[in-house]
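**Student:** Sending over query_26.pdb (PDB, C-alpha atoms and all ligand atoms).
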```pdb
ATOM      1  CA  MET F  21     119.061 124.988  92.309  1.00  0.00           C
ATOM      2  CA  TYR F  22     117.615 124.261  88.916  1.00  0.00           C
ATOM      3  CA  GLU F  23     116.084 126.562  86.407  1.00  0.00           C
ATOM      4  CA  GLY F  24     112.548 127.793  86.404  1.00  0.00           C
ATOM      5  CA  VAL F  25     109.825 125.193  86.215  1.00  0.00           C
ATOM      6  CA  VAL F  26     112.105 122.274  87.201  1.00  0.00           C
ATOM      7  CA  GLN F  27     112.850 123.997  90.495  1.00  0.00           C
ATOM      8  CA  ASP F  28     109.141 124.836  90.897  1.00  0.00           C
ATOM      9  CA  LEU F  29     108.341 121.135  90.541  1.00  0.00           C
ATOM     10  CA  ILE F  30     110.971 120.169  93.128  1.00  0.00           C
ATOM     11  CA  ASP F  31     109.653 122.850  95.501  1.00  0.00           C
ATOM     12  CA  GLU F  32     106.051 121.679  95.127  1.00  0.00           C
ATOM     13  CA  LEU F  33     106.955 118.027  95.688  1.00  0.00           C
ATOM     14  CA  GLY F  34     109.069 119.014  98.695  1.00  0.00           C
ATOM     15  CA  ARG F  35     105.991 120.553 100.298  1.00  0.00           C
ATOM     16  CA  LEU F  36     104.301 117.144 100.458  1.00  0.00           C
ATOM     17  CA  PRO F  37     104.409 115.370 103.840  1.00  0.00           C
ATOM     18  CA  GLY F  38     107.272 112.935 104.310  1.00  0.00           C
ATOM     19  CA  ILE F  39     109.135 114.107 101.198  1.00  0.00           C
ATOM     20  CA  GLY F  40     112.492 115.684 101.898  1.00  0.00           C
ATOM     21  CA  PRO F  41     114.557 117.712  99.382  1.00  0.00           C
ATOM     22  CA  LYS F  42     116.381 114.617  98.093  1.00  0.00           C
ATOM     23  CA  SER F  43     113.209 112.627  97.456  1.00  0.00           C
ATOM     24  CA  ALA F  44     111.609 115.678  95.840  1.00  0.00           C
ATOM     25  CA  GLN F  45     114.537 115.873  93.435  1.00  0.00           C
ATOM     26  CA  ARG F  46     114.394 112.143  92.686  1.00  0.00           C
ATOM     27  CA  ILE F  47     110.645 112.237  91.975  1.00  0.00           C
ATOM     28  CA  ALA F  48     111.003 115.377  89.848  1.00  0.00           C
ATOM     29  CA  PHE F  49     113.629 113.745  87.630  1.00  0.00           C
ATOM     30  CA  HIS F  50     111.597 110.567  87.432  1.00  0.00           C
ATOM     31  CA  LEU F  51     108.676 112.625  86.138  1.00  0.00           C
ATOM     32  CA  LEU F  52     110.889 114.483  83.640  1.00  0.00           C
ATOM     33  CA  ARG F  53     112.028 111.173  82.180  1.00  0.00           C
ATOM     34  CA  ALA F  54     108.626 109.467  82.351  1.00  0.00           C
ATOM     35  CA  ASP F  55     106.306 108.806  79.417  1.00  0.00           C
ATOM     36  CA  PRO F  56     103.893 111.700  78.817  1.00  0.00           C
ATOM     37  CA  GLU F  57     101.010 109.219  79.346  1.00  0.00           C
ATOM     38  CA  GLU F  58     102.262 108.328  82.826  1.00  0.00           C
ATOM     39  CA  VAL F  59     102.404 111.988  83.800  1.00  0.00           C
ATOM     40  CA  ALA F  60      98.995 112.584  82.221  1.00  0.00           C
ATOM     41  CA  ARG F  61      97.476 109.801  84.358  1.00  0.00           C
ATOM     42  CA  LEU F  62      98.906 111.388  87.493  1.00  0.00           C
ATOM     43  CA  THR F  63      97.632 114.833  86.490  1.00  0.00           C
ATOM     44  CA  THR F  64      94.165 113.422  85.772  1.00  0.00           C
ATOM     45  CA  VAL F  65      93.866 111.557  89.051  1.00  0.00           C
ATOM     46  CA  LEU F  66      95.073 114.598  91.039  1.00  0.00           C
ATOM     47  CA  THR F  67      92.515 116.841  89.358  1.00  0.00           C
ATOM     48  CA  GLU F  68      89.774 114.243  89.745  1.00  0.00           C
ATOM     49  CA  VAL F  69      90.435 113.591  93.415  1.00  0.00           C
ATOM     50  CA  LYS F  70      90.286 117.307  94.214  1.00  0.00           C
ATOM     51  CA  ALA F  71      87.111 117.740  92.180  1.00  0.00           C
ATOM     52  CA  THR F  72      85.138 114.759  93.493  1.00  0.00           C
ATOM     53  CA  ILE F  73      86.394 113.762  96.938  1.00  0.00           C
ATOM     54  CA  ARG F  74      85.493 115.765  99.991  1.00  0.00           C
ATOM     55  CA  PHE F  75      85.295 115.141 103.685  1.00  0.00           C
ATOM     56  CA  CYS F  76      82.202 113.630 105.305  1.00  0.00           C
ATOM     57  CA  THR F  77      80.227 116.394 107.008  1.00  0.00           C
ATOM     58  CA  ARG F  78      79.429 114.085 109.926  1.00  0.00           C
ATOM     59  CA  CYS F  79      82.638 112.203 110.668  1.00  0.00           C
ATOM     60  CA  GLY F  80      85.424 113.830 108.650  1.00  0.00           C
ATOM     61  CA  ASN F  81      86.290 110.694 106.690  1.00  0.00           C
ATOM     62  CA  VAL F  82      86.896 110.963 102.948  1.00  0.00           C
ATOM     63  CA  ALA F  83      83.606 110.936 101.056  1.00  0.00           C
ATOM     64  CA  GLN F  84      82.302 111.134  97.510  1.00  0.00           C
ATOM     65  CA  GLY F  85      79.125 112.883  98.603  1.00  0.00           C
ATOM     66  CA  GLU F  86      77.847 114.710 101.675  1.00  0.00           C
ATOM     67  CA  LEU F  87      78.327 111.627 103.875  1.00  0.00           C
ATOM     68  CA  CYS F  88      80.995 108.931 103.677  1.00  0.00           C
ATOM     69  CA  ARG F  89      80.280 105.295 102.837  1.00  0.00           C
ATOM     70  CA  ILE F  90      80.178 104.343 106.542  1.00  0.00           C
ATOM     71  CA  CYS F  91      77.938 107.177 107.769  1.00  0.00           C
ATOM     72  CA  SER F  92      75.463 106.472 104.976  1.00  0.00           C
ATOM     73  CA  ASP F  93      75.268 102.745 105.789  1.00  0.00           C
ATOM     74  CA  PRO F  94      72.147 102.104 107.945  1.00  0.00           C
ATOM     75  CA  ARG F  95      73.574  98.774 109.181  1.00  0.00           C
ATOM     76  CA  ARG F  96      76.351 100.515 111.095  1.00  0.00           C
ATOM     77  CA  ASP F  97      75.822 100.703 114.847  1.00  0.00           C
ATOM     78  CA  GLN F  98      75.094 104.363 115.639  1.00  0.00           C
ATOM     79  CA  THR F  99      75.665 103.878 119.375  1.00  0.00           C
ATOM     80  CA  LYS F 100      79.437 103.453 119.011  1.00  0.00           C
ATOM     81  CA  ILE F 101      81.942 105.943 117.691  1.00  0.00           C
ATOM     82  CA  CYS F 102      85.576 105.064 117.113  1.00  0.00           C
ATOM     83  CA  VAL F 103      87.753 108.182 117.261  1.00  0.00           C
ATOM     84  CA  VAL F 104      90.804 108.153 114.981  1.00  0.00           C
ATOM     85  CA  GLU F 105      93.349 110.702 113.828  1.00  0.00           C
ATOM     86  CA  GLU F 106      93.254 110.332 110.043  1.00  0.00           C
ATOM     87  CA  PRO F 107      91.122 108.727 107.306  1.00  0.00           C
ATOM     88  CA  LYS F 108      93.871 106.119 106.831  1.00  0.00           C
ATOM     89  CA  ASP F 109      93.178 104.913 110.384  1.00  0.00           C
ATOM     90  CA  VAL F 110      89.545 104.256 109.415  1.00  0.00           C
ATOM     91  CA  VAL F 111      90.892 101.952 106.712  1.00  0.00           C
ATOM     92  CA  ALA F 112      93.162 100.207 109.263  1.00  0.00           C
ATOM     93  CA  VAL F 113      90.304  99.600 111.739  1.00  0.00           C
ATOM     94  CA  GLU F 114      87.924  98.492 108.960  1.00  0.00           C
ATOM     95  CA  ARG F 115      90.485  95.868 107.898  1.00  0.00           C
ATOM     96  CA  THR F 116      90.212  94.203 111.323  1.00  0.00           C
ATOM     97  CA  ARG F 117      86.436  93.614 110.844  1.00  0.00           C
ATOM     98  CA  GLU F 118      86.088  94.033 114.637  1.00  0.00           C
ATOM     99  CA  PHE F 119      84.063  97.202 114.534  1.00  0.00           C
ATOM    100  CA  ARG F 120      80.570  97.817 113.152  1.00  0.00           C
ATOM    101  CA  GLY F 121      80.003 101.284 114.584  1.00  0.00           C
ATOM    102  CA  THR F 122      80.794 104.672 113.076  1.00  0.00           C
ATOM    103  CA  TYR F 123      83.917 106.843 113.164  1.00  0.00           C
ATOM    104  CA  HIS F 124      85.055 110.317 113.977  1.00  0.00           C
ATOM    105  CA  VAL F 125      88.179 111.543 112.201  1.00  0.00           C
ATOM    106  CA  LEU F 126      89.950 114.253 114.194  1.00  0.00           C
ATOM    107  CA  GLY F 127      92.282 115.429 111.456  1.00  0.00           C
ATOM    108  CA  GLY F 128      95.429 114.916 113.523  1.00  0.00           C
ATOM    109  CA  ALA F 129      96.521 114.808 117.144  1.00  0.00           C
ATOM    110  CA  ILE F 130      97.315 117.409 119.782  1.00  0.00           C
ATOM    111  CA  SER F 131     100.971 118.363 119.415  1.00  0.00           C
ATOM    112  CA  PRO F 132     102.074 121.612 121.044  1.00  0.00           C
ATOM    113  CA  MET F 133     105.522 121.317 119.405  1.00  0.00           C
ATOM    114  CA  ASP F 134     103.905 121.429 115.975  1.00  0.00           C
ATOM    115  CA  GLY F 135     101.473 124.134 117.060  1.00  0.00           C
ATOM    116  CA  VAL F 136      98.465 121.792 116.948  1.00  0.00           C
ATOM    117  CA  GLY F 137      95.969 122.415 119.741  1.00  0.00           C
ATOM    118  CA  PRO F 138      92.530 120.895 120.458  1.00  0.00           C
ATOM    119  CA  GLU F 139      90.850 123.727 118.521  1.00  0.00           C
ATOM    120  CA  ASP F 140      92.707 122.642 115.361  1.00  0.00           C
ATOM    121  CA  LEU F 141      91.056 119.213 115.491  1.00  0.00           C
ATOM    122  CA  SER F 142      87.382 118.330 115.042  1.00  0.00           C
ATOM    123  CA  ILE F 143      86.869 117.788 118.786  1.00  0.00           C
ATOM    124  CA  ARG F 144      84.067 120.369 118.986  1.00  0.00           C
ATOM    125  CA  GLU F 145      82.251 118.538 116.181  1.00  0.00           C
ATOM    126  CA  LEU F 146      82.697 115.293 118.101  1.00  0.00           C
ATOM    127  CA  LEU F 147      81.175 116.769 121.266  1.00  0.00           C
ATOM    128  CA  LEU F 148      78.226 118.032 119.195  1.00  0.00           C
ATOM    129  CA  ARG F 149      77.685 114.537 117.818  1.00  0.00           C
ATOM    130  CA  LEU F 150      77.549 113.191 121.360  1.00  0.00           C
ATOM    131  CA  ALA F 151      75.018 115.760 122.542  1.00  0.00           C
ATOM    132  CA  ASP F 152      71.835 113.823 121.660  1.00  0.00           C
ATOM    133  CA  ASP F 153      72.705 110.726 123.753  1.00  0.00           C
ATOM    134  CA  THR F 154      72.483 108.254 120.839  1.00  0.00           C
ATOM    135  CA  VAL F 155      76.094 107.283 121.389  1.00  0.00           C
ATOM    136  CA  THR F 156      76.841 105.105 124.418  1.00  0.00           C
ATOM    137  CA  GLU F 157      80.430 104.103 123.766  1.00  0.00           C
ATOM    138  CA  LEU F 158      83.348 106.137 122.525  1.00  0.00           C
ATOM    139  CA  ILE F 159      86.387 104.115 121.547  1.00  0.00           C
ATOM    140  CA  ILE F 160      89.487 106.250 121.353  1.00  0.00           C
ATOM    141  CA  ALA F 161      91.845 104.785 118.794  1.00  0.00           C
ATOM    142  CA  THR F 162      94.386 107.571 118.433  1.00  0.00           C
ATOM    143  CA  ASP F 163      97.969 106.517 117.708  1.00  0.00           C
ATOM    144  CA  PRO F 164      99.942 104.817 120.526  1.00  0.00           C
ATOM    145  CA  ASN F 165     102.425 107.693 120.835  1.00  0.00           C
ATOM    146  CA  ILE F 166     102.740 110.855 122.967  1.00  0.00           C
ATOM    147  CA  GLN F 167     100.477 112.980 120.746  1.00  0.00           C
ATOM    148  CA  GLY F 168      97.882 110.236 120.475  1.00  0.00           C
ATOM    149  CA  GLU F 169      97.855 109.726 124.244  1.00  0.00           C
ATOM    150  CA  ALA F 170      97.583 113.476 124.902  1.00  0.00           C
ATOM    151  CA  THR F 171      94.630 113.643 122.530  1.00  0.00           C
ATOM    152  CA  ALA F 172      92.901 110.644 124.135  1.00  0.00           C
ATOM    153  CA  THR F 173      93.350 112.195 127.597  1.00  0.00           C
ATOM    154  CA  TYR F 174      92.046 115.562 126.425  1.00  0.00           C
ATOM    155  CA  ILE F 175      88.897 114.050 124.914  1.00  0.00           C
ATOM    156  CA  SER F 176      88.235 111.854 127.921  1.00  0.00           C
ATOM    157  CA  ARG F 177      88.623 114.891 130.258  1.00  0.00           C
ATOM    158  CA  SER F 178      86.275 116.964 128.113  1.00  0.00           C
ATOM    159  CA  LEU F 179      83.633 114.272 128.603  1.00  0.00           C
ATOM    160  CA  ARG F 180      84.098 113.747 132.310  1.00  0.00           C
ATOM    161  CA  GLY F 181      80.799 113.402 134.114  1.00  0.00           C
ATOM    162  CA  THR F 182      78.746 112.670 131.003  1.00  0.00           C
ATOM    163  CA  GLY F 183      78.326 108.991 131.880  1.00  0.00           C
ATOM    164  CA  LEU F 184      79.541 108.024 128.438  1.00  0.00           C
ATOM    165  CA  ASN F 185      81.494 104.770 128.289  1.00  0.00           C
ATOM    166  CA  ILE F 186      84.933 105.821 127.044  1.00  0.00           C
ATOM    167  CA  THR F 187      87.386 103.100 126.123  1.00  0.00           C
ATOM    168  CA  ARG F 188      90.917 103.049 124.800  1.00  0.00           C
ATOM    169  CA  LEU F 189      92.467 100.314 122.704  1.00  0.00           C
ATOM    170  CA  ALA F 190      94.317  97.672 124.741  1.00  0.00           C
ATOM    171  CA  SER F 191      98.075  97.781 124.903  1.00  0.00           C
ATOM    172  CA  GLY F 192     100.024  95.469 122.662  1.00  0.00           C
ATOM    173  CA  LEU F 193     100.099  97.955 119.841  1.00  0.00           C
ATOM    174  CA  PRO F 194     103.656  98.995 118.973  1.00  0.00           C
ATOM    175  CA  VAL F 195     104.307 101.939 121.315  1.00  0.00           C
ATOM    176  CA  GLY F 196     105.388 105.164 119.640  1.00  0.00           C
ATOM    177  CA  GLY F 197     104.016 103.895 116.378  1.00  0.00           C
ATOM    178  CA  ASP F 198     101.262 104.670 114.026  1.00  0.00           C
ATOM    179  CA  LEU F 199      97.931 102.815 114.049  1.00  0.00           C
ATOM    180  CA  GLU F 200      98.162 102.051 110.348  1.00  0.00           C
ATOM    181  CA  TYR F 201     101.374 100.067 110.824  1.00  0.00           C
ATOM    182  CA  ALA F 202      99.794  97.609 113.247  1.00  0.00           C
ATOM    183  CA  ASP F 203      98.834  94.380 111.528  1.00  0.00           C
ATOM    184  CA  GLU F 204      95.151  93.406 111.420  1.00  0.00           C
ATOM    185  CA  VAL F 205      95.443  90.694 114.060  1.00  0.00           C
ATOM    186  CA  THR F 206      97.219  92.940 116.590  1.00  0.00           C
ATOM    187  CA  LEU F 207      94.836  95.819 115.968  1.00  0.00           C
ATOM    188  CA  GLY F 208      91.861  93.470 116.113  1.00  0.00           C
ATOM    189  CA  ARG F 209      93.001  92.128 119.487  1.00  0.00           C
ATOM    190  CA  ALA F 210      93.609  95.641 120.797  1.00  0.00           C
ATOM    191  CA  PHE F 211      90.053  96.435 119.803  1.00  0.00           C
ATOM    192  CA  GLU F 212      88.548  93.407 121.458  1.00  0.00           C
ATOM    193  CA  GLY F 213      90.547  94.054 124.628  1.00  0.00           C
ATOM    194  CA  ARG F 214      89.680  97.757 124.845  1.00  0.00           C
ATOM    195  CA  ARG F 215      89.521  99.107 128.372  1.00  0.00           C
ATOM    196  CA  PRO F 216      87.728 101.949 130.117  1.00  0.00           C
ATOM    197  CA  MET F 217      89.791 105.120 130.386  1.00  0.00           C
ATOM    198  CA  HIS F 218      90.334 106.298 133.921  1.00  0.00           C
ATOM    199  CA  GLU F 219      90.887 109.871 134.800  1.00  0.00           C
TER     200      GLU F 219
HETATM  201 ZN    ZN F 301      81.224 109.798 107.704  1.00  0.00          ZN
END
```
Will you turn the file into structure tokens for me?
**Tutor:**
Amino acid sequence: MYEGVVQDLIDELGRLPGIGPKSAQRIAFHLLRADPEEVARLTTVLTEVKATIRFCTRCGNVAQGELCRICSDPRRDQTKICVVEEPKDVVAVERTREFRGTYHVLGGAISPMDGVGPEDLSIRELLLRLADDTVTELIIATDPNIQGEATATYISRSLRGTGLNITRLASGLPVGGDLEYADEVTLGRAFEGRRPMHE
């Protein structure tokens, strides 16, 4: 335990995802030793990102305005939606250049152990987007792990009988992994080889 504001800094950093107590301490002491300008840049960008970036009201991706860059692009194919867990997965799929449709960002995956149920994700918003029959194919690109599979199954079951073409990325992605860690070629191939989901 450190005194006052130093401990507050360590505590705040430790609340960030993927940062354990040791890393929090290391980052805190890095910041204490850093040039004031370096810290000022970090403070500025943190304030700026919270002030200007929001989430797209249609798809949940990060956006500077009401809609994200992809939703506001008229050249994107509105008949296809690729469902992903996080905005970083949109970036991963975009890198493959295999997909010209739009996205839907769920905000996570179903994980009963972490207390995350379907109602905690933007699944209801997704179903609303599908209601007007513009969309003909739904490509489920959740992570190739247990939570991602559970989420894909849940969505596909919720849409049973709608006649919508629901596909899942082909295998070949590293099982148990995270979509963002797949290289562009592997992810691109998984996209091309996507298969209908069977219930
Ligand atoms: Zn969007």
**Student:** Within 8 Å of ligand ZN 301 (chain F), counting only C-alpha atoms and all ligand atoms: which residues, as a list in words?
**Tutor:**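 Sorted by chain and then by number, the residues are Phe75, Cys76, Thr77, Arg78, Cys79, Gly80, Asn81, Val82, Ala83, Leu87, Cys88, Arg89, Ile90, Cys91, Ser92, Thr122, Tyr123 and His124 of chain F.
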**Student:** Between F:Leu179, F:Leu29, F:Ala190, F:Ile160, which is the closest to Arg46 in chain F once you count all atoms listed in the file?
**Tutor:**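 Of F:Leu179, F:Leu29, F:Ala190, F:Ile160, the one nearest Arg46 in chain F, counting all atoms listed in the file, is F:Leu29.
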**Student:** By how many Å are CA of Val104 in chain F and CA of Leu126 in chain F apart?
**Tutor:**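 About the pair CA of Val104 in chain F and CA of Leu126 in chain F: they are 6.2 Å apart.
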**Student:** Determine, counting only C-alpha atoms, which protein, DNA and RNA residues have an atom within 9 Å of an atom of Thr171 in chain F; residues of the same chain fewer than 3 positions away are not included. Present the result as a list of chain:residue names.
**Tutor:** F:Ala129, F:Ile130, F:Ser131, F:Pro138, F:Thr162, F:Ile166, F:Gln167, F:Gly168, F:Tyr174, F:Ile175, F:Ser176
**Student:** Could you work out how far CA of Ala170 in chain F lies from CA of Gly127 in chain F, giving the answer in Å with one decimal?
**Tutor:**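 Pair CA of Gly127 in chain F / CA of Ala170 in chain F returns 14.6 Å.
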**Student:** Run the PyMOL selection byres (((chain F and resi 119) around 10) and not hetatm) on the file and write out the hits as a list of chain:residue names.
**Tutor:**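 Those residues are F:Arg96, F:Asp97, F:Lys100, F:Ile101, F:Cys102, F:Val113, F:Glu114, F:Arg115, F:Thr116, F:Arg117, F:Glu118, F:Arg120, F:Gly121, F:Thr122, F:Tyr123, F:Gly208, F:Phe211, F:Glu212.
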**Student:** May I have the selected residues written with C-alpha atoms, as an mmCIF file, in the frame of the given file?
**Tutor:**
```cif
data_model
loop_
_atom_site.group_PDB
_atom_site.id
_atom_site.type_symbol
_atom_site.label_atom_id
_atom_site.label_comp_id
_atom_site.auth_asym_id
_atom_site.auth_seq_id
_atom_site.Cartn_x
_atom_site.Cartn_y
_atom_site.Cartn_z
ATOM 1 C CA ARG F 96 76.351 100.515 111.095
ATOM 2 C CA ASP F 97 75.822 100.703 114.847
ATOM 3 C CA LYS F 100 79.437 103.453 119.011
ATOM 4 C CA ILE F 101 81.942 105.943 117.691
ATOM 5 C CA CYS F 102 85.576 105.064 117.113
ATOM 6 C CA VAL F 113 90.304 99.600 111.739
ATOM 7 C CA GLU F 114 87.924 98.492 108.960
ATOM 8 C CA ARG F 115 90.485 95.868 107.898
ATOM 9 C CA THR F 116 90.212 94.203 111.323
ATOM 10 C CA ARG F 117 86.436 93.614 110.844
ATOM 11 C CA GLU F 118 86.088 94.033 114.637
ATOM 12 C CA ARG F 120 80.570 97.817 113.152
ATOM 13 C CA GLY F 121 80.003 101.284 114.584
ATOM 14 C CA THR F 122 80.794 104.672 113.076
ATOM 15 C CA TYR F 123 83.917 106.843 113.164
ATOM 16 C CA GLY F 208 91.861 93.470 116.113
ATOM 17 C CA PHE F 211 90.053 96.435 119.803
ATOM 18 C CA GLU F 212 88.548 93.407 121.458
#
```
**Student:** Quick one: residues within 8 Å of Gln84 in chain F, only C-alpha atoms counted, chain neighbours fewer than 5 positions away excluded, as a ChimeraX atom specification?
**Tutor:** /F:72-75
**Student:** Which one is closest to Ala71 in chain F: F:Gly85, F:Asn185, F:Arg215, F:Gly128? Count all atoms listed in the file.
**Tutor:**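 Going through F:Gly85, F:Asn185, F:Arg215, F:Gly128 one by one, the smallest distance to Ala71 in chain F is for F:Gly85.
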**Student:** May I have the protein, DNA and RNA residues with an atom at most 9 Å from (84.1, 99.0, 131.7), counting only C-alpha atoms in the file's coordinates, returned as a VMD selection string?
**Tutor:** chain F and resid 185 to 187 214 to 217
**Student:** Take the PyMOL selection byres (((chain F and resi 200-202) around 12) and not hetatm), apply it to the structure above, and return the hits as an MDAnalysis selection string.
**Tutor:** chainID F and resid 104:116 161:164 191:199 203:211
**Student:** Can you list what the PyMOL selection byres (((chain F and resi 21-23) around 12) and not hetatm) grabs from this structure, as JSON, numbers by chain?
**Tutor:** {"F": [24, 25, 26, 27, 28, 29, 30, 31, 41, 45, 48, 49]}
**Student:** Determine the nearest neighbour of Glu145 in chain F from the options F:Ile159, F:Leu189, F:Val103, F:Leu66, counting all atoms listed in the file.
**Tutor:**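 For Glu145 in chain F, the nearest of the candidates is F:Val103.
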**Student:** Step by step, gather every atom of range 148-163 of chain F that the file lists, find the box along x, y and z that holds them, add 5 Å on each side, and finally give centre and edge lengths in Å to one decimal, as lines of an AutoDock Vina configuration file.
**Tutor:**
```
center_x = 84.9
center_y = 111.1
center_z = 121.1
size_x = 36.1
size_y = 23.9
size_z = 16.7
```
**Student:** Emit range 95-106 of chain F of the structure in the block as a file comprising N, CA, C and O atoms, as a compact mmCIF listing (two decimals), in the first residue's frame.
**Tutor:**
```txt
# COMPACT_ATOMS: atom_id res chain seq x y z
N ARG F 95 -22.09 2.99 -49.85
CA ARG F 95 -21.60 1.89 -50.70
C ARG F 95 -21.60 0.54 -49.99
O ARG F 95 -21.40 -0.49 -50.60
N ARG F 96 -21.83 0.56 -48.68
CA ARG F 96 -21.83 -0.71 -47.95
C ARG F 96 -23.13 -1.45 -48.22
O ARG F 96 -24.20 -0.85 -48.26
N ASP F 97 -23.00 -2.76 -48.39
CA ASP F 97 -24.13 -3.62 -48.70
C ASP F 97 -25.04 -3.78 -47.47
O ASP F 97 -24.66 -4.39 -46.47
N GLN F 98 -26.24 -3.21 -47.56
CA GLN F 98 -27.16 -3.20 -46.42
C GLN F 98 -27.88 -4.54 -46.22
O GLN F 98 -28.64 -4.70 -45.27
N THR F 99 -27.66 -5.49 -47.14
CA THR F 99 -28.37 -6.77 -47.02
C THR F 99 -27.59 -7.78 -46.18
O THR F 99 -28.08 -8.86 -45.89
N LYS F 100 -26.37 -7.43 -45.81
CA LYS F 100 -25.55 -8.34 -45.00
C LYS F 100 -25.10 -7.67 -43.71
O LYS F 100 -24.62 -6.54 -43.72
N ILE F 101 -25.28 -8.40 -42.61
CA ILE F 101 -24.78 -7.90 -41.33
C ILE F 101 -23.81 -8.93 -40.76
O ILE F 101 -24.12 -10.11 -40.67
N CYS F 102 -22.64 -8.46 -40.38
CA CYS F 102 -21.67 -9.32 -39.71
C CYS F 102 -21.74 -9.01 -38.22
O CYS F 102 -21.54 -7.87 -37.80
N VAL F 103 -22.06 -10.03 -37.42
CA VAL F 103 -22.22 -9.84 -35.98
C VAL F 103 -20.90 -10.15 -35.26
O VAL F 103 -20.35 -11.24 -35.41
N VAL F 104 -20.39 -9.17 -34.53
CA VAL F 104 -19.14 -9.35 -33.79
C VAL F 104 -19.34 -8.98 -32.33
O VAL F 104 -20.35 -8.38 -31.97
N GLU F 105 -18.34 -9.34 -31.51
CA GLU F 105 -18.47 -9.06 -30.08
C GLU F 105 -18.10 -7.62 -29.72
O GLU F 105 -18.79 -6.97 -28.95
N GLU F 106 -16.97 -7.15 -30.27
CA GLU F 106 -16.43 -5.86 -29.85
C GLU F 106 -16.03 -5.02 -31.07
O GLU F 106 -15.75 -5.56 -32.13
```
